[in-house]
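Note sheet for the following structure.
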Amino acid sequence: MRRADRLFLIIHTLRGRRTALPSRDLARTLGVSQRTIYRDVADLQRSGVPVEGEAGVGYLLRKGSDIPPLMFQPDELEALVVGSRFVQAFAGERLSRAADTALLKINAVLSPELRERSDRSRVFAPDLGQHAVLKAYIDDIHTAIDGHRVVRLDYSDEKGRVSLRDVQPLCLAFWGGSWTLGAWCRLRREFRNFRLDRIRACQVSDLVFIENDVDGFAAYLKAVDAG
């Protein structure tokens, strides 16, 4: 988590509290050490943020220094909550953690009425058994897409035939039942879609590719539309 995000979360976690929040609870919420919390709070205090308290006692915002809540309509809020639940259930660990943090930020600045509405949402996205390996593939491929890095796949097709493929990953898509990787296959010299649950092994290489009009994401979308 970036330091700026952590400082934001400290301020908004303290928002509206009537009693001091112990540093150990802040540290557990943000996934950092208590020493980091002590240092961050000291920096906030030096910069003029009205945080009161001390190590071993706890922290709260000075009375009268509350921060206005975000202006969400109830349906907008529920859409954010439900969307985050889907990410937590079906995406990789990287986006799941980001969804957790986003919800924490949102709930920290909501009015009590909207926070209650958020808690009451009855739309859920249960995890249907995605195992840790599949989530790791999502994270690795997501990283490769961001970095434009070639990925080597040990892949088994629908007939059980196994092959090694070096691909240029372009996008990840969730089709309600499975994740699919859209990529340029260097072996076949064409766009291919690979189901993540058929990947036997996945390795992100150091080889960087440059997208162009032939094998880039825009060309992939055209090929999908044409198909």
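Letters for chains follow the order of the structure tokens (A, B, ...), residue numbers begin at 1 for each chain, and ligand numbers begin at 1 in the order shown.
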Quick one: pick out all strand (DSSP E or B) residues within stretch 27-78 of chain A from a backbone DSSP run and write them as a list in words.
Val51, Glu52, Gly53, Glu54, Gly58, Tyr59, Leu60 and Leu61 of chain A
Prev. selection, C-alpha atoms, output as a PDB file, in the first residue's frame:
```
ATOM      1  CA  VAL A  51      -4.943  13.897  15.339  1.00  0.00           C
ATOM      2  CA  GLU A  52      -4.904  13.644  19.114  1.00  0.00           C
ATOM      3  CA  GLY A  53      -3.535  10.869  21.302  1.00  0.00           C
ATOM      4  CA  GLU A  54      -0.275   9.017  21.715  1.00  0.00           C
ATOM      5  CA  GLY A  58      -4.844   5.542  21.006  1.00  0.00           C
ATOM      6  CA  TYR A  59      -5.783   8.204  18.481  1.00  0.00           C
ATOM      7  CA  LEU A  60      -8.793  10.224  17.393  1.00  0.00           C
ATOM      8  CA  LEU A  61      -9.509  13.362  15.399  1.00  0.00           C
TER       9      LEU A  61
END
```
Based on the backbone DSSP call, show me all residues of stretch 84-156 of chain A assigned alpha helix (DSSP H), as an mmCIF file with N, CA and C atoms, in the first residue's frame.
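And here's result_8.cif as it stands now:
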```cif
data_model
loop_
_atom_site.group_PDB
_atom_site.id
_atom_site.type_symbol
_atom_site.label_atom_id
_atom_site.label_comp_id
_atom_site.auth_asym_id
_atom_site.auth_seq_id
_atom_site.Cartn_x
_atom_site.Cartn_y
_atom_site.Cartn_z
ATOM 1 N N SER A 84 -17.412 -4.572 -5.647
ATOM 2 C CA SER A 84 -16.254 -4.970 -4.850
ATOM 3 C C SER A 84 -16.373 -6.416 -4.388
ATOM 4 N N ARG A 85 -17.587 -6.848 -4.081
ATOM 5 C CA ARG A 85 -17.782 -8.246 -3.671
ATOM 6 C C ARG A 85 -17.444 -9.204 -4.804
ATOM 7 N N PHE A 86 -17.797 -8.835 -6.022
ATOM 8 C CA PHE A 86 -17.462 -9.679 -7.164
ATOM 9 C C PHE A 86 -15.948 -9.758 -7.349
ATOM 10 N N VAL A 87 -15.282 -8.623 -7.202
ATOM 11 C CA VAL A 87 -13.824 -8.614 -7.330
ATOM 12 C C VAL A 87 -13.195 -9.486 -6.251
ATOM 13 N N GLN A 88 -13.680 -9.365 -5.018
ATOM 14 C CA GLN A 88 -13.137 -10.157 -3.916
ATOM 15 C C GLN A 88 -13.323 -11.653 -4.163
ATOM 16 N N ALA A 89 -14.446 -12.024 -4.788
ATOM 17 C CA ALA A 89 -14.742 -13.444 -4.988
ATOM 18 C C ALA A 89 -14.030 -14.035 -6.193
ATOM 19 N N PHE A 90 -13.916 -13.275 -7.277
ATOM 20 C CA PHE A 90 -13.502 -13.881 -8.538
ATOM 21 C C PHE A 90 -12.178 -13.387 -9.103
ATOM 22 N N GLU A 93 -5.607 -12.119 -5.981
ATOM 23 C CA GLU A 93 -5.377 -11.541 -4.662
ATOM 24 C C GLU A 93 -5.064 -10.053 -4.749
ATOM 25 N N ARG A 94 -4.377 -9.652 -5.804
ATOM 26 C CA ARG A 94 -3.992 -8.242 -5.956
ATOM 27 C C ARG A 94 -5.215 -7.330 -6.005
ATOM 28 N N LEU A 95 -6.173 -7.653 -6.866
ATOM 29 C CA LEU A 95 -7.377 -6.826 -6.965
ATOM 30 C C LEU A 95 -8.295 -7.033 -5.765
ATOM 31 N N SER A 96 -8.282 -8.226 -5.178
ATOM 32 C CA SER A 96 -9.104 -8.465 -3.990
ATOM 33 C C SER A 96 -8.671 -7.562 -2.850
ATOM 34 N N ARG A 97 -7.361 -7.449 -2.653
ATOM 35 C CA ARG A 97 -6.860 -6.554 -1.603
ATOM 36 C C ARG A 97 -7.213 -5.108 -1.919
ATOM 37 N N ALA A 98 -7.127 -4.735 -3.198
ATOM 38 C CA ALA A 98 -7.482 -3.367 -3.580
ATOM 39 C C ALA A 98 -8.959 -3.094 -3.324
ATOM 40 N N ALA A 99 -9.811 -4.093 -3.560
ATOM 41 C CA ALA A 99 -11.239 -3.929 -3.289
ATOM 42 C C ALA A 99 -11.489 -3.760 -1.796
ATOM 43 N N ASP A 100 -10.772 -4.520 -0.970
ATOM 44 C CA ASP A 100 -10.889 -4.373 0.484
ATOM 45 C C ASP A 100 -10.550 -2.948 0.905
ATOM 46 N N THR A 101 -9.441 -2.433 0.373
ATOM 47 C CA THR A 101 -9.001 -1.089 0.734
ATOM 48 C C THR A 101 -9.984 -0.034 0.247
ATOM 49 N N ALA A 102 -10.494 -0.220 -0.973
ATOM 50 C CA ALA A 102 -11.451 0.744 -1.524
ATOM 51 C C ALA A 102 -12.715 0.809 -0.665
ATOM 52 N N LEU A 103 -13.218 -0.358 -0.253
ATOM 53 C CA LEU A 103 -14.410 -0.374 0.597
ATOM 54 C C LEU A 103 -14.134 0.280 1.944
ATOM 55 N N LEU A 104 -12.939 0.066 2.473
ATOM 56 C CA LEU A 104 -12.575 0.689 3.741
ATOM 57 C C LEU A 104 -12.580 2.210 3.609
ATOM 58 N N LYS A 105 -12.026 2.718 2.498
ATOM 59 C CA LYS A 105 -12.014 4.161 2.269
ATOM 60 C C LYS A 105 -13.430 4.713 2.137
ATOM 61 N N ILE A 106 -14.263 3.989 1.369
ATOM 62 C CA ILE A 106 -15.631 4.455 1.146
ATOM 63 C C ILE A 106 -16.407 4.472 2.449
ATOM 64 N N ASN A 107 -16.362 3.362 3.190
ATOM 65 C CA ASN A 107 -17.132 3.280 4.436
ATOM 66 C C ASN A 107 -16.646 4.274 5.472
ATOM 67 N N ALA A 108 -15.361 4.625 5.417
ATOM 68 C CA ALA A 108 -14.815 5.539 6.414
ATOM 69 C C ALA A 108 -15.389 6.943 6.299
ATOM 70 N N PRO A 112 -23.666 7.853 8.638
ATOM 71 C CA PRO A 112 -24.172 6.623 9.269
ATOM 72 C C PRO A 112 -25.308 5.979 8.497
ATOM 73 N N GLU A 113 -26.189 6.786 7.884
ATOM 74 C CA GLU A 113 -27.322 6.228 7.142
ATOM 75 C C GLU A 113 -26.852 5.447 5.923
ATOM 76 N N LEU A 114 -25.899 6.019 5.186
ATOM 77 C CA LEU A 114 -25.408 5.324 3.993
ATOM 78 C C LEU A 114 -24.550 4.120 4.368
ATOM 79 N N ARG A 115 -23.821 4.212 5.465
ATOM 80 C CA ARG A 115 -23.028 3.064 5.904
ATOM 81 C C ARG A 115 -23.941 1.897 6.247
ATOM 82 N N GLU A 116 -25.081 2.205 6.855
ATOM 83 C CA GLU A 116 -26.044 1.155 7.182
ATOM 84 C C GLU A 116 -26.615 0.551 5.908
ATOM 85 N N ARG A 117 -26.883 1.405 4.900
ATOM 86 C CA ARG A 117 -27.391 0.909 3.613
ATOM 87 C C ARG A 117 -26.366 -0.017 2.966
ATOM 88 N N SER A 118 -25.100 0.338 3.078
ATOM 89 C CA SER A 118 -24.038 -0.496 2.533
ATOM 90 C C SER A 118 -24.031 -1.871 3.190
ATOM 91 N N ASP A 119 -24.202 -1.899 4.501
ATOM 92 C CA ASP A 119 -24.189 -3.172 5.230
ATOM 93 C C ASP A 119 -25.416 -4.023 4.919
ATOM 94 N N ARG A 120 -26.504 -3.392 4.470
ATOM 95 C CA ARG A 120 -27.754 -4.128 4.249
ATOM 96 C C ARG A 120 -27.861 -4.764 2.869
ATOM 97 N N ALA A 132 -6.279 -21.392 -5.007
ATOM 98 C CA ALA A 132 -5.221 -20.391 -4.899
ATOM 99 C C ALA A 132 -4.374 -20.312 -6.162
ATOM 100 N N VAL A 133 -4.173 -21.454 -6.852
ATOM 101 C CA VAL A 133 -3.343 -21.455 -8.060
ATOM 102 C C VAL A 133 -3.962 -20.571 -9.139
ATOM 103 N N LEU A 134 -5.281 -20.683 -9.331
ATOM 104 C CA LEU A 134 -5.952 -19.872 -10.340
ATOM 105 C C LEU A 134 -5.841 -18.387 -10.002
ATOM 106 N N LYS A 135 -6.004 -18.046 -8.746
ATOM 107 C CA LYS A 135 -5.862 -16.650 -8.339
ATOM 108 C C LYS A 135 -4.440 -16.152 -8.591
ATOM 109 N N ALA A 136 -3.467 -17.028 -8.386
ATOM 110 C CA ALA A 136 -2.083 -16.654 -8.651
ATOM 111 C C ALA A 136 -1.868 -16.418 -10.143
ATOM 112 N N TYR A 137 -2.479 -17.256 -10.990
ATOM 113 C CA TYR A 137 -2.384 -17.029 -12.432
ATOM 114 C C TYR A 137 -2.940 -15.662 -12.803
ATOM 115 N N ILE A 138 -4.079 -15.303 -12.212
ATOM 116 C CA ILE A 138 -4.684 -14.000 -12.507
ATOM 117 C C ILE A 138 -3.719 -12.884 -12.145
ATOM 118 N N ASP A 139 -3.111 -12.988 -10.963
ATOM 119 C CA ASP A 139 -2.167 -11.955 -10.531
ATOM 120 C C ASP A 139 -0.957 -11.881 -11.451
ATOM 121 N N ASP A 140 -0.387 -13.039 -11.781
ATOM 122 C CA ASP A 140 0.803 -13.056 -12.635
ATOM 123 C C ASP A 140 0.500 -12.493 -14.021
ATOM 124 N N ILE A 141 -0.624 -12.910 -14.597
ATOM 125 C CA ILE A 141 -0.972 -12.446 -15.944
ATOM 126 C C ILE A 141 -1.331 -10.969 -15.923
ATOM 127 N N HIS A 142 -2.014 -10.530 -14.876
ATOM 128 C CA HIS A 142 -2.336 -9.106 -14.731
ATOM 129 C C HIS A 142 -1.052 -8.280 -14.718
ATOM 130 N N THR A 143 -0.062 -8.752 -13.967
ATOM 131 C CA THR A 143 1.232 -8.069 -13.917
ATOM 132 C C THR A 143 1.897 -8.061 -15.292
ATOM 133 N N ALA A 144 1.809 -9.184 -15.996
ATOM 134 C CA ALA A 144 2.417 -9.275 -17.320
ATOM 135 C C ALA A 144 1.742 -8.339 -18.319
ATOM 136 N N ILE A 145 0.419 -8.214 -18.229
ATOM 137 C CA ILE A 145 -0.303 -7.294 -19.116
ATOM 138 C C ILE A 145 0.162 -5.870 -18.866
ATOM 139 N N ASP A 146 0.253 -5.488 -17.586
ATOM 140 C CA ASP A 146 0.692 -4.132 -17.245
ATOM 141 C C ASP A 146 2.103 -3.858 -17.747
ATOM 142 N N GLY A 147 2.968 -4.868 -17.639
ATOM 143 C CA GLY A 147 4.367 -4.671 -18.017
ATOM 144 C C GLY A 147 4.701 -5.046 -19.439
#
```
Could you name the residues that touch A:Trp184 at 12 Å or less, counting only C-alpha atoms, but leaving out those on the same chain fewer than 3 positions away, as a ChimeraX atom specification?
/A:145,148-152,165-171,181,187-194,209-212,214-221,223
Could you write out the selected residues, including C-alpha atoms, as a compact mmCIF listing (two decimals), in the first residue's frame?
```txt
# COMPACT_ATOMS: atom_id res chain seq x y z
CA ILE A 145 -0.30 -7.29 -19.12
CA HIS A 148 3.91 -5.90 -21.62
CA ARG A 149 5.85 -9.07 -20.81
CA VAL A 150 5.69 -12.35 -22.72
CA VAL A 151 4.16 -15.24 -20.76
CA ARG A 152 4.99 -18.92 -21.24
CA ARG A 165 2.90 -21.45 -25.73
CA ASP A 166 4.74 -18.13 -25.59
CA VAL A 167 2.02 -15.49 -25.69
CA GLN A 168 1.70 -11.73 -25.54
CA PRO A 169 -1.04 -11.18 -22.93
CA LEU A 170 -3.52 -8.47 -23.85
CA CYS A 171 -6.53 -8.75 -21.54
CA LEU A 181 -6.82 -14.71 -21.33
CA LEU A 187 3.46 -20.13 -31.98
CA ARG A 188 0.29 -19.87 -34.11
CA ARG A 189 0.92 -16.24 -35.14
CA GLU A 190 -2.67 -15.30 -34.39
CA PHE A 191 -4.94 -14.22 -31.57
CA ARG A 192 -6.05 -16.93 -29.20
CA ASN A 193 -8.16 -17.15 -26.05
CA PHE A 194 -6.89 -19.36 -23.24
CA PHE A 209 6.82 -6.88 -26.31
CA ILE A 210 5.53 -3.76 -28.03
CA GLU A 211 1.94 -3.71 -29.22
CA ASN A 212 1.30 -2.70 -32.83
CA VAL A 214 -1.15 -6.34 -36.06
CA ASP A 215 -0.89 -7.99 -32.64
CA GLY A 216 -1.99 -5.29 -30.17
CA PHE A 217 -5.10 -4.95 -28.05
CA ALA A 218 -7.00 -2.83 -30.59
CA ALA A 219 -6.37 -5.46 -33.27
CA TYR A 220 -7.51 -8.18 -30.84
CA LEU A 221 -10.81 -6.40 -30.24
CA ALA A 223 -10.64 -9.82 -34.41
```
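With atom CA of A:Gly182 on one side and atom CA of A:Ala125 on the other, the separation reads 24.1 Å.
Atom to atom, atom CA of A:Ala27 and atom CA of A:Ala4 stand 15.4 Å apart.
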Excluding same-chain residues fewer than 3 positions from A:Arg198, what lies within 12 Å of it counting only C-alpha atoms, as a ChimeraX atom specification?
/A:133-134,137,153-163,178-181,193-195,201-202
Restrict the selected residues to N, CA and C atoms and save them as an mmCIF file, in the first residue's frame.
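Written file, part21.cif:
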```
data_model
loop_
_atom_site.group_PDB
_atom_site.id
_atom_site.type_symbol
_atom_site.label_atom_id
_atom_site.label_comp_id
_atom_site.auth_asym_id
_atom_site.auth_seq_id
_atom_site.Cartn_x
_atom_site.Cartn_y
_atom_site.Cartn_z
ATOM 1 N N VAL A 133 -4.173 -21.454 -6.852
ATOM 2 C CA VAL A 133 -3.343 -21.455 -8.060
ATOM 3 C C VAL A 133 -3.962 -20.571 -9.139
ATOM 4 N N LEU A 134 -5.281 -20.683 -9.331
ATOM 5 C CA LEU A 134 -5.952 -19.872 -10.340
ATOM 6 C C LEU A 134 -5.841 -18.387 -10.002
ATOM 7 N N TYR A 137 -2.479 -17.256 -10.990
ATOM 8 C CA TYR A 137 -2.384 -17.029 -12.432
ATOM 9 C C TYR A 137 -2.940 -15.662 -12.803
ATOM 10 N N LEU A 153 3.060 -20.363 -21.311
ATOM 11 C CA LEU A 153 1.980 -21.178 -20.766
ATOM 12 C C LEU A 153 2.224 -22.656 -21.043
ATOM 13 N N ASP A 154 2.039 -23.465 -20.017
ATOM 14 C CA ASP A 154 1.936 -24.918 -20.188
ATOM 15 C C ASP A 154 0.433 -25.172 -20.205
ATOM 16 N N TYR A 155 -0.100 -25.426 -21.404
ATOM 17 C CA TYR A 155 -1.551 -25.354 -21.595
ATOM 18 C C TYR A 155 -2.130 -26.673 -22.095
ATOM 19 N N SER A 156 -3.306 -27.004 -21.590
ATOM 20 C CA SER A 156 -4.032 -28.195 -22.028
ATOM 21 C C SER A 156 -5.351 -27.748 -22.653
ATOM 22 N N ASP A 157 -5.585 -28.094 -23.929
ATOM 23 C CA ASP A 157 -6.805 -27.646 -24.593
ATOM 24 C C ASP A 157 -8.009 -28.501 -24.186
ATOM 25 N N GLU A 158 -9.156 -28.250 -24.820
ATOM 26 C CA GLU A 158 -10.384 -28.944 -24.442
ATOM 27 C C GLU A 158 -10.328 -30.450 -24.675
ATOM 28 N N LYS A 159 -9.398 -30.897 -25.538
ATOM 29 C CA LYS A 159 -9.235 -32.335 -25.799
ATOM 30 C C LYS A 159 -8.106 -32.959 -24.976
ATOM 31 N N GLY A 160 -7.533 -32.166 -24.093
ATOM 32 C CA GLY A 160 -6.476 -32.688 -23.239
ATOM 33 C C GLY A 160 -5.095 -32.657 -23.854
ATOM 34 N N ARG A 161 -4.961 -32.052 -25.034
ATOM 35 C CA ARG A 161 -3.658 -31.973 -25.679
ATOM 36 C C ARG A 161 -2.838 -30.869 -25.023
ATOM 37 N N VAL A 162 -1.607 -31.194 -24.676
ATOM 38 C CA VAL A 162 -0.743 -30.275 -23.933
ATOM 39 C C VAL A 162 0.264 -29.623 -24.877
ATOM 40 N N SER A 163 0.494 -28.330 -24.685
ATOM 41 C CA SER A 163 1.484 -27.628 -25.494
ATOM 42 C C SER A 163 2.081 -26.487 -24.679
ATOM 43 N N SER A 178 -15.826 -18.715 -16.019
ATOM 44 C CA SER A 178 -14.383 -18.945 -16.102
ATOM 45 C C SER A 178 -13.675 -17.683 -16.573
ATOM 46 N N TRP A 179 -12.406 -17.605 -16.227
ATOM 47 C CA TRP A 179 -11.548 -16.519 -16.693
ATOM 48 C C TRP A 179 -10.883 -16.930 -18.006
ATOM 49 N N THR A 180 -10.742 -15.959 -18.900
ATOM 50 C CA THR A 180 -10.102 -16.185 -20.195
ATOM 51 C C THR A 180 -9.009 -15.147 -20.415
ATOM 52 N N LEU A 181 -7.903 -15.607 -20.941
ATOM 53 C CA LEU A 181 -6.816 -14.715 -21.329
ATOM 54 C C LEU A 181 -6.865 -14.496 -22.833
ATOM 55 N N ASN A 193 -7.612 -17.300 -27.397
ATOM 56 C CA ASN A 193 -8.159 -17.147 -26.048
ATOM 57 C C ASN A 193 -7.832 -18.414 -25.263
ATOM 58 N N PHE A 194 -7.297 -18.238 -24.074
ATOM 59 C CA PHE A 194 -6.888 -19.358 -23.236
ATOM 60 C C PHE A 194 -7.666 -19.332 -21.921
ATOM 61 N N ARG A 195 -8.301 -20.439 -21.593
ATOM 62 C CA ARG A 195 -8.994 -20.527 -20.318
ATOM 63 C C ARG A 195 -7.988 -20.741 -19.194
ATOM 64 N N ALA A 201 0.763 -24.508 -15.953
ATOM 65 C CA ALA A 201 1.832 -23.713 -15.356
ATOM 66 C C ALA A 201 1.932 -22.402 -16.125
ATOM 67 N N CYS A 202 2.378 -21.365 -15.436
ATOM 68 C CA CYS A 202 2.434 -20.034 -16.039
ATOM 69 C C CYS A 202 3.698 -19.345 -15.549
#
```
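Relative to atom CA of A:Leu9, atom CA of A:Glu78 is found at 20.9 Å.
The protein and nucleic acid residues lying at most 12 Å from A:Val49 are Leu7, Phe8, Ile10, Ile11, His12, Leu14, Arg15, Asp40, Val41, Ala42, Asp43, Leu44, Gln45, Arg46, Glu52, Leu60, Leu61, Arg62, Ser65, Asp66 and Ile67 of chain A, with only C-alpha atoms considered and sequence neighbours fewer than 3 positions away removed.
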